Protein chains: 2
Amino acid sequence: METSVNTKTPIYPIRTAAKLLGISIPTLRMYEKEGLIIPHKTEGNQRIYSEADLERLRCIRRAISDSKISINGIKTIYSLIPCWEVVKCSEDDRKNCNAFQGHEQPCWTFNHPNTICADRDCKECDVYTKYSECGKVKGLIKKISGFN
Amino acid sequence: METSVNTKTPIYPIRTAAKLLGISIPTLRMYEKEGLIIPHKTEGNQRIYSEADLERLRCIRRAISDSKISINGIKTIYSLIPCWEVVKCSEDDRKNCNAFQGHEQPCWTFNHPNTICADRDCKECDVYTKYSECGKVKGLIKKISGFN
DNA sequence: GATAGTTGATAGTTATAAATATCAACTATC
DNA sequence: GATAGTTGATATTTATAACTATCAACTATC
């Protein structure tokens, strides 16, 4: 168990995060509303970002600014992540899962009643943390088909 | 072997296709330049579209106008289609294949020297014809992981 | 308890992707 | 061979997604 400060420790309030990324505070809130990012929150509901969150956000910014992929495009790409292979959910889970059925929203933006994910915290889940960019998504698709 | 006129038979010149879709001729040319569509061509290099082409284009239009996915987003999504599972290419093929490695362009926009695809006509390939929309792409990803 | 920073919401701005218009050179059809 | 339609290329327009500013109500820190 990691106890010291690491890349996942939330430390930056929204103003600092925005400044480090070179964007405005409302933009950060929008990315969250769109389901691209899940920052930590304080008891008083204030957002705090970790170094890993910033890295994820830089990745999102590259997709938007450099690769010219729209936010809805990014959401759709995230929705293609084969999450069922990552969390190893059951056939019943998949039947009950809106994320498995759809292709508009990332799985972590859904409620998951009656699935293995119901008890889990999406922002700690590998599906959310490990496949933030296209190359990694494609890498996972290759992997589940037996290749690398 | 199908001999009569079917959905894949090229019949519409560009003006007709544009009118049927409610878009301009330059827009149709742009979609082709971006690699979203591969229309048939006459001996004199003029485009002719089939009913299947129109259906594909309607699907692209929905992605852009309704789902708000940018053209580069659509290209990226197409690049995630696990084509290697569809054409059953060899490990050597995959090593030599820019489509397998990348995630910016659909595989049918690449030259495929030194792969099984070198001899094939991409616009007849299942990769191009069968996975024109997101739901179908996700369906294929599910399938190769053993589910439906 | 006063100051600084946050919240979500709405209204407004801006940057630019997507679409169109126009062109001279070429192809098709009668 | 004349008319209509096409080609690719470049320049221009337009629609709007992405972003920002501002607000009163709330939270944090001294």
# chains A, B, ... in the order shown; residues from 1 in each chain; ligands from 1

call {"tool": "interface_residues", "arguments": {"of": "chain A", "to": "chain C", "cutoff": "12 Å", "atoms": "only C-alpha atoms (C1' of nucleotides)", "output": "list in words"}}
result
Pro13, Ile14, Arg15, Thr16, Ile25, Pro26, Arg29, Met30, Lys33, Lys41, Thr42, Gly44, Asn45, Gln46, Arg47, Ile48, Ile64, Ser65, Lys68, Ile69 and Ser70 of chain A

call {"tool": "interface_residues", "arguments": {"of": "chain D", "to": "chain B", "cutoff": "10 Å", "atoms": "only C-alpha atoms (C1' of nucleotides)", "output": "VMD selection string"}}
result
chain D and resid 5 to 8 17

call {"tool": "select_by_dssp", "arguments": {"residues": "segment 2-107 of chain B", "states": "strand (DSSP E)", "output": "ChimeraX atom specification"}}
result
/B:10-13,40-41,47-50

call {"tool": "write_last_selection", "arguments": {"atoms": "N, CA and C atoms", "output": "PDB file, in the first residue's frame"}}
result
ATOM      1  N   PRO B  10     -22.924   0.737 -58.509  1.00  0.00           N
ATOM      2  CA  PRO B  10     -22.776   2.192 -58.617  1.00  0.00           C
ATOM      3  C   PRO B  10     -23.665   2.753 -59.717  1.00  0.00           C
ATOM      4  N   ILE B  11     -24.534   3.690 -59.365  1.00  0.00           N
ATOM      5  CA  ILE B  11     -25.483   4.240 -60.346  1.00  0.00           C
ATOM      6  C   ILE B  11     -25.608   5.759 -60.319  1.00  0.00           C
ATOM      7  N   TYR B  12     -25.341   6.393 -59.183  1.00  0.00           N
ATOM      8  CA  TYR B  12     -25.588   7.834 -59.082  1.00  0.00           C
ATOM      9  C   TYR B  12     -24.335   8.669 -59.340  1.00  0.00           C
ATOM     10  N   PRO B  13     -24.377   9.596 -60.292  1.00  0.00           N
ATOM     11  CA  PRO B  13     -23.279  10.563 -60.416  1.00  0.00           C
ATOM     12  C   PRO B  13     -23.298  11.515 -59.226  1.00  0.00           C
ATOM     13  N   HIS B  40     -16.995   4.430 -56.309  1.00  0.00           N
ATOM     14  CA  HIS B  40     -16.494   3.865 -57.557  1.00  0.00           C
ATOM     15  C   HIS B  40     -16.162   4.998 -58.514  1.00  0.00           C
ATOM     16  N   LYS B  41     -15.292   4.698 -59.498  1.00  0.00           N
ATOM     17  CA  LYS B  41     -14.933   5.707 -60.500  1.00  0.00           C
ATOM     18  C   LYS B  41     -15.125   5.112 -61.892  1.00  0.00           C
ATOM     19  N   ARG B  47     -16.803  10.086 -60.392  1.00  0.00           N
ATOM     20  CA  ARG B  47     -17.366   9.321 -59.267  1.00  0.00           C
ATOM     21  C   ARG B  47     -18.778   8.817 -59.552  1.00  0.00           C
ATOM     22  N   ILE B  48     -19.049   7.592 -59.128  1.00  0.00           N
ATOM     23  CA  ILE B  48     -20.424   7.084 -59.153  1.00  0.00           C
ATOM     24  C   ILE B  48     -20.690   6.376 -57.831  1.00  0.00           C
ATOM     25  N   TYR B  49     -21.853   6.694 -57.269  1.00  0.00           N
ATOM     26  CA  TYR B  49     -22.200   6.203 -55.940  1.00  0.00           C
ATOM     27  C   TYR B  49     -23.285   5.137 -56.008  1.00  0.00           C
ATOM     28  N   SER B  50     -23.157   4.136 -55.158  1.00  0.00           N
ATOM     29  CA  SER B  50     -24.172   3.087 -55.049  1.00  0.00           C
ATOM     30  C   SER B  50     -25.128   3.425 -53.906  1.00  0.00           C
TER      31      SER B  50
END

call {"tool": "interface_residues", "arguments": {"of": "chain A", "to": "chain B", "cutoff": "9 Å", "atoms": "only C-alpha atoms", "output": "PyMOL selection string"}}
result
chain A and resi 67-74+76-77+79-82+84-85+91+100-104+134-135+137-138+141-142+144-145+147

call {"tool": "atom_distance", "arguments": {"atom1": "atom CA of Asp126 of chain B", "atom2": "atom CA of Ala99 of chain A"}}
result
26.0 Å

call {"tool": "atom_distance", "arguments": {"atom1": "atom CA of Ala118 of chain A", "atom2": "atom CA of Ile38 of chain A"}}
result
16.6 Å

call {"tool": "atom_distance", "arguments": {"atom1": "atom CA of Thr115 of chain B", "atom2": "atom CA of Lys88 of chain B"}}
result
11.0 Å
